[in-house]
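**Q** Can you read through this structure? Questions will come right after.
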Amino acid sequence: MSLRLQSIRIKGFRGFKNIEVDFEDATVLVGTNNSGKTTILKALQLALTNTHFISNDDFCYMNDEIDDIIIIDILFVPISPDDSVSSEFTEDWADVFKTDRIGISSEGNQIMAFRTIIKEHNKAFRKKQYYIDQWEEYFDDGLNWFDHQYEKELSFYFDEIPFFYLDANRDILDDIKSKSSFLGRILSSLEFTPADKIKIERLISELNDATIGSSDILSNLQETLEELDTAMDNPNNSVQLTPFTKKVRDLNKGIRINYSEFSMDYHGMGTRSWSSMLVLKSFLNLNQKFYSDNEKPYFPILAIEEPESHLHPNAQKKLYSQIKNIAGQKVISTHSTNIASSANLSEIRSIMRDNVGTKIGKLNLEELSDDEKWKIKRQVVNTRGEMFFSKVVILCEGETEEQSLPLLIEKRMNIDYVSLGVNVIGINGGGNYFPFIYFCESLGIKWFILSDGEKPILKKIKKDVIRLKKLEVRPVDFVLPSNIIYFENEEDFEQHLINNDFVDEIQETLKEIYGENLDEQILKRHGTVLKRQPTTEKCPKCKQFIFEDVLRIYNTDEGKLEAYNEFLSSKKTIYPPILSQKIFESEKPLPPKIVELIDKINEILNPHKDA
């Protein structure tokens with residue numbers, strides 16, 4: 001590519017008070033429903049085409065204020081062969097834009113930028129476009145980008161930069177019926193040499209004759225229809241049946257597309273939607289060849305809404321690679337974790353909306369090591385893709401909390417946690433938080449950590465947060481922020497439950513797992529070796545610390561509670577749903593650290609409503 005749509009700025013359009021989005025050669029927009037993904041695609045359509053679809057509802061309404069103007073700024077930059085931003089456009093693009101449309105950036109590089117303004121005028125909406133001679137900072141010295149005025153009215157439209165919008169309802173059957181569809185435009189442009197035309201029409205004539213001659217029914221029908229000459233008293237005309245089109249110019253009228261020997265009419269929406277997209281790919285490839293043959297530049301821009309519609313997961317993964325191979329630049333909105341995880345990390349843009357407004361998130365890969373990039377891709381994106389569409393993420397150490405917290409959240413907030421947009425993610429150990437918190441922080445996803453209280457784990461969390469915030473402070477001097485909740489006195493999750501009056505529920509859970517003879521099994525372990533630990537004494541010969549056995553003392557009330565903790569820990573994959581259900585059904589208040597976590601989440605999701 002020698003050109004790129006670098007960014008769009010939007011003010012006052014639908015849910016966007018003021019945002020900026022930058023683009024890659026392929027950009028994937030992720031976010032929850034109504035976050036604004038489609039609005040970005042529509043803003044591109046409004047700015048890059050002659051489409052006029054504005055209504056009163058398209059003007060931003062926020063905080064009891066309605067914007068009376070829509071402003072959309074678009075920036076194109078030249079791209080060098082190594083895919084970096086170049087200082088000037090190639091000669092062919094400079095010829096397309098002409099000098100009156102080429103401006104400069106703050107770095108002194110050539111750009112092509114323009115502004116689209118929509119205002120109401122005499123109960124209608126007027127669209128005007130202006131040339132931007134210099135691309136200003138988003139916010140600088142008290143001025144927003146939209147505070148700058150441009151006087152040179154100059155509409156944007158280039159045949160060499162067409163814009164295509166594929167919505168989620170695309171269907172190849174509709175394309176076949178419509179002359180204005182991409183398929184219809186391909187078929188209407190069929191061309192043959194005179195010699196090929198004569199040859200094809202002769203073969204069609206022979207095929208028609210052979211078909212009629214082989215069928216008594218068709219032969220009889222044609223002979224009967226020839227009586228039309230007598231009735232009309234017009235002996236010089238004749239009647240012909242043509243089971244197949246007679247002229248090359250009519251080939252497009254009766255075309256059918258079959259897949260797996262069946263017409264598209266018999267296939268589901270997944271196959272038909274995918275086929276429609278591939279037709280666009282063919283259309284663009286043909287256009288690209290035409291422009292290339294005529295030594296002209298060509299740079300289509302595609303806005304694709306929910307390409308995963310009606311497709312199974314494996315097909316979604318294949319689809320993204322096919323989209324990337326389509327000519328031009330692509331902007332894709334999706335709800336699919338498979339599409340998002342198939343994209344490069346640099347291609348992802350998160351659209352997040354809260355009570356303040358909309359924020360655009362992206363991963364800044366330049367500040368990460370290759371190992372950190374790999375961990376984010378492998379541990380987060382490829383296996384925890386649901387995080388893309390979360391309002392809040394709770395990070396915990398393992399399966400116990402991951403299985404238990406959803407039900408406890410439902411008990412405290414009286415609503416299914418999934419409905420809240422909350423995801424609970426077990427990271428399989430206290431040393432793996434950084435990829436997750438970096439991902440959440442970069443994409444604007446609110447995050448919490450619920451951690452065991454062991455000192456080594458808390459020290460590692462402090463290091464991760466210091467690294468995330470780019471702070472210059474020692475872990476020992478750092479106070480963990482309020483979104484990190486940890487159990488006091490080096491408790492773990494199980495011990496926190498035991499210490500907060502859920503012994504009965506734990507005992508009932510263990511009996512379901514181990515049987516009614518639980519007390520006998522506990523006493524059998526009494527006096528056995530729990531672990532070995534070093535003493536302060538050293539061996540006189542080898543000079544190494546002498547280890548001693550730590551025995552289980554389970555024949556006391558305190559020892560019995562320790563046994564409960566051990567028995568629970570050995571069944572981490574089994575007990576959480578059982579115990580959580582018992583806690584859910586209990587009349588007891590939830591443990592304090594769980595309450596603290598859930599109440600802080602509630603403050604984010606419902607800032608004016610108590611849990």
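In the structure tokens, the first chain shown is A, the next is B, and so on; residue numbers restart at 1 for each chain, and ligands run from 1 in the order shown.
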Could you please write out, as a PyMOL selection string, every residue of region 303-464 of chain A that DSSP assigns to alpha helix (DSSP H)?

**A** chain A and resi 313-324+337-342+370-375+399-413+433-443+455-464

**Q** Find the spatial neighbours of Ile172 (chain A), counting only C-alpha atoms, within a cut-off of 6 Å - ignore same-chain residues fewer than 2 positions away - and output them as number ranges by chain.

**A** A: 174-175, 272, 276

**Q** Go ahead and write the selection's residues with all heavy atoms as a short mmCIF file (atom, residue, chain, number, x, y, z; two decimals), in the first residue's frame.

**A**
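Saved as result-v8.cif:
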```
data_model
loop_
_atom_site.label_atom_id
_atom_site.label_comp_id
_atom_site.auth_asym_id
_atom_site.auth_seq_id
_atom_site.Cartn_x
_atom_site.Cartn_y
_atom_site.Cartn_z
N ASP A 174 -29.93 -11.84 -2.38
CA ASP A 174 -30.29 -10.45 -2.70
C ASP A 174 -29.37 -9.89 -3.77
O ASP A 174 -29.79 -9.13 -4.64
CB ASP A 174 -30.22 -9.58 -1.44
CG ASP A 174 -31.25 -9.97 -0.40
OD1 ASP A 174 -32.31 -10.50 -0.79
OD2 ASP A 174 -31.00 -9.75 0.80
N ASP A 175 -28.08 -10.26 -3.71
CA ASP A 175 -27.12 -9.78 -4.71
C ASP A 175 -27.49 -10.27 -6.11
O ASP A 175 -27.35 -9.53 -7.10
CB ASP A 175 -25.70 -10.27 -4.37
CG ASP A 175 -25.20 -9.70 -3.06
OD1 ASP A 175 -25.79 -8.71 -2.58
OD2 ASP A 175 -24.22 -10.23 -2.50
N ARG A 272 -24.53 -18.05 2.61
CA ARG A 272 -24.95 -16.96 1.72
C ARG A 272 -24.27 -15.64 2.08
O ARG A 272 -23.89 -14.85 1.21
CB ARG A 272 -26.47 -16.82 1.77
CG ARG A 272 -27.18 -17.91 1.00
CD ARG A 272 -28.54 -18.28 1.52
NE ARG A 272 -29.39 -17.17 1.87
CZ ARG A 272 -30.53 -17.27 2.52
NH1 ARG A 272 -30.94 -18.47 2.93
NH2 ARG A 272 -31.26 -16.22 2.80
N SER A 276 -21.55 -13.60 -0.27
CA SER A 276 -21.72 -12.19 -0.62
C SER A 276 -20.42 -11.42 -0.42
O SER A 276 -20.05 -10.56 -1.22
CB SER A 276 -22.85 -11.58 0.22
OG SER A 276 -23.05 -10.23 -0.11
#
```

**Q** Ranking A:Ser273, A:Asn63, A:Thr400, A:Asn109 by minimum distance to Ser86 (chain A) and counting only C-alpha atoms, which one comes first?

**A**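 Comparing A:Ser273, A:Asn63, A:Thr400, A:Asn109 against Ser86 (chain A), the winner is A:Asn109.
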
**Q** Could you name the residues that touch Asn34 (chain A) at 12 Å or less, counting only C-alpha atoms, but leaving out those on the same chain fewer than 6 positions away, as a list of chain:residue names?

**A** A:Arg14, A:Gly15, A:Phe16, A:Ile40, A:Ser333, A:His335, A:Ile351, A:Met352, A:Arg353, A:Asp354, A:Thr358, A:Phe389

**Q** Skip Phe139 (chain A) itself and residues of its chain fewer than 5 positions away, then list as a PyMOL selection string all residues within 12 Å of it, counting only C-alpha atoms.

**A** chain A and resi 9+18-20+144-148

**Q** Emit the selected residues as a PDB file, in the first residue's frame, including N, CA, C and O atoms.

**A**
```pdb
ATOM      1  N   ARG A   9     -11.745  11.622  13.247  1.00  0.00           N
ATOM      2  CA  ARG A   9     -12.179  12.342  14.433  1.00  0.00           C
ATOM      3  C   ARG A   9     -13.667  12.646  14.283  1.00  0.00           C
ATOM      4  O   ARG A   9     -14.096  13.083  13.213  1.00  0.00           O
ATOM      5  N   ASN A  18     -16.963  13.321  21.379  1.00  0.00           N
ATOM      6  CA  ASN A  18     -15.668  13.732  20.845  1.00  0.00           C
ATOM      7  C   ASN A  18     -14.711  12.548  20.944  1.00  0.00           C
ATOM      8  O   ASN A  18     -14.298  12.178  22.046  1.00  0.00           O
ATOM      9  N   ILE A  19     -14.375  11.930  19.819  1.00  0.00           N
ATOM     10  CA  ILE A  19     -13.437  10.807  19.846  1.00  0.00           C
ATOM     11  C   ILE A  19     -12.499  10.874  18.648  1.00  0.00           C
ATOM     12  O   ILE A  19     -12.763  11.574  17.661  1.00  0.00           O
ATOM     13  N   GLU A  20     -11.414  10.118  18.749  1.00  0.00           N
ATOM     14  CA  GLU A  20     -10.484   9.930  17.637  1.00  0.00           C
ATOM     15  C   GLU A  20     -10.112   8.458  17.572  1.00  0.00           C
ATOM     16  O   GLU A  20      -9.858   7.835  18.598  1.00  0.00           O
ATOM     17  N   ASN A 144      -9.413  22.332  21.235  1.00  0.00           N
ATOM     18  CA  ASN A 144      -9.743  21.037  20.676  1.00  0.00           C
ATOM     19  C   ASN A 144      -9.563  21.071  19.165  1.00  0.00           C
ATOM     20  O   ASN A 144      -9.551  22.142  18.543  1.00  0.00           O
ATOM     21  N   TRP A 145      -9.447  19.899  18.573  1.00  0.00           N
ATOM     22  CA  TRP A 145      -9.267  19.822  17.126  1.00  0.00           C
ATOM     23  C   TRP A 145     -10.404  20.490  16.378  1.00  0.00           C
ATOM     24  O   TRP A 145     -10.203  21.109  15.333  1.00  0.00           O
ATOM     25  N   PHE A 146     -11.634  20.388  16.910  1.00  0.00           N
ATOM     26  CA  PHE A 146     -12.786  20.936  16.202  1.00  0.00           C
ATOM     27  C   PHE A 146     -12.910  22.453  16.371  1.00  0.00           C
ATOM     28  O   PHE A 146     -13.756  23.075  15.720  1.00  0.00           O
ATOM     29  N   ASP A 147     -12.079  23.056  17.236  1.00  0.00           N
ATOM     30  CA  ASP A 147     -12.094  24.516  17.377  1.00  0.00           C
ATOM     31  C   ASP A 147     -11.441  25.211  16.188  1.00  0.00           C
ATOM     32  O   ASP A 147     -11.689  26.398  15.936  1.00  0.00           O
ATOM     33  N   HIS A 148     -10.608  24.497  15.462  1.00  0.00           N
ATOM     34  CA  HIS A 148      -9.946  25.076  14.288  1.00  0.00           C
ATOM     35  C   HIS A 148     -10.949  25.153  13.133  1.00  0.00           C
ATOM     36  O   HIS A 148     -11.716  24.214  12.890  1.00  0.00           O
TER      37      HIS A 148
END
```

**Q** Calculated over only C-alpha atoms, which of the candidates A:Glu494, A:Glu410, A:Asp140, A:Asp167 has the smallest distance to Glu305 (chain A)?

**A**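 Residue with the minimum atom-to-atom distance to Glu305 (chain A): A:Asp167.
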
**Q** Can you tell me which residues surround region 574-591 of chain A at a distance of at most 6 Å, considering only C-alpha atoms, apart from same-chain residues fewer than 6 positions away, and format the answer as a ChimeraX atom specification?

**A** /A:400,403-404,411,500,509

**Q** With only C-alpha atoms as the atoms that count, which of A:Leu363, A:Ile484, A:Leu46, A:Ile415 lies nearest to Lys128 (chain A)?

**A**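 Closest residue, counting only C-alpha atoms: A:Leu46.
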
**Q** Would you list the contacts of Ile326 (chain A) as a VMD selection string, taking every protein, DNA or RNA residue within 9 Å and counting only C-alpha atoms, but skipping same-chain residues closer than 2 positions in sequence?

**A** chain A and resid 278 280 to 282 284 to 285 322 to 324 328 to 330

**Q** Would you work out the distance separating CA of Ile506 (chain A) from CA of Leu561 (chain A), expressed in Å to one decimal?

**A** 9.7 Å

**Q** What does the distance from CA of Leu166 (chain A) to CA of Gln129 (chain A) come to in Å, to one decimal?

**A**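 These atoms are spaced 24.3 Å apart.
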
**Q** Which residue, A:Leu75, A:Ile466, A:Leu218, A:Ala303, has the smallest gap to Thr334 (chain A) when you use only C-alpha atoms?

**A**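 Of the candidates, the smallest distance to Thr334 (chain A) is held by A:Ala303.
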
**Q** Please indicate the distance in Å from CA of Gly184 (chain A) to CA of Glu201 (chain A), rounded to one decimal place.

**A** 21.3 Å

**Q** A:Leu5, A:Ile445, A:Val28, A:Ile427: which is nearest Val392 (chain A), counting only C-alpha atoms?

**A** A:Ile445

**Q** Which one is closest to Met269 (chain A): A:Thr51, A:Asn169, A:Ser205, A:Asn122? Count only C-alpha atoms.

**A**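 Among the listed residues, A:Asn169 lies closest to Met269 (chain A).
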
**Q** Write down as a VMD selection string the residues belonging to region 69-292 of chain A that are assigned strand (DSSP E or B) by DSSP computed on the backbone.

**A** chain A and resid 69 to 79 85 103 to 104 110 to 121 124 to 132 134 139 to 140 143 to 144 153 163 to 166 258 to 259 262 to 263
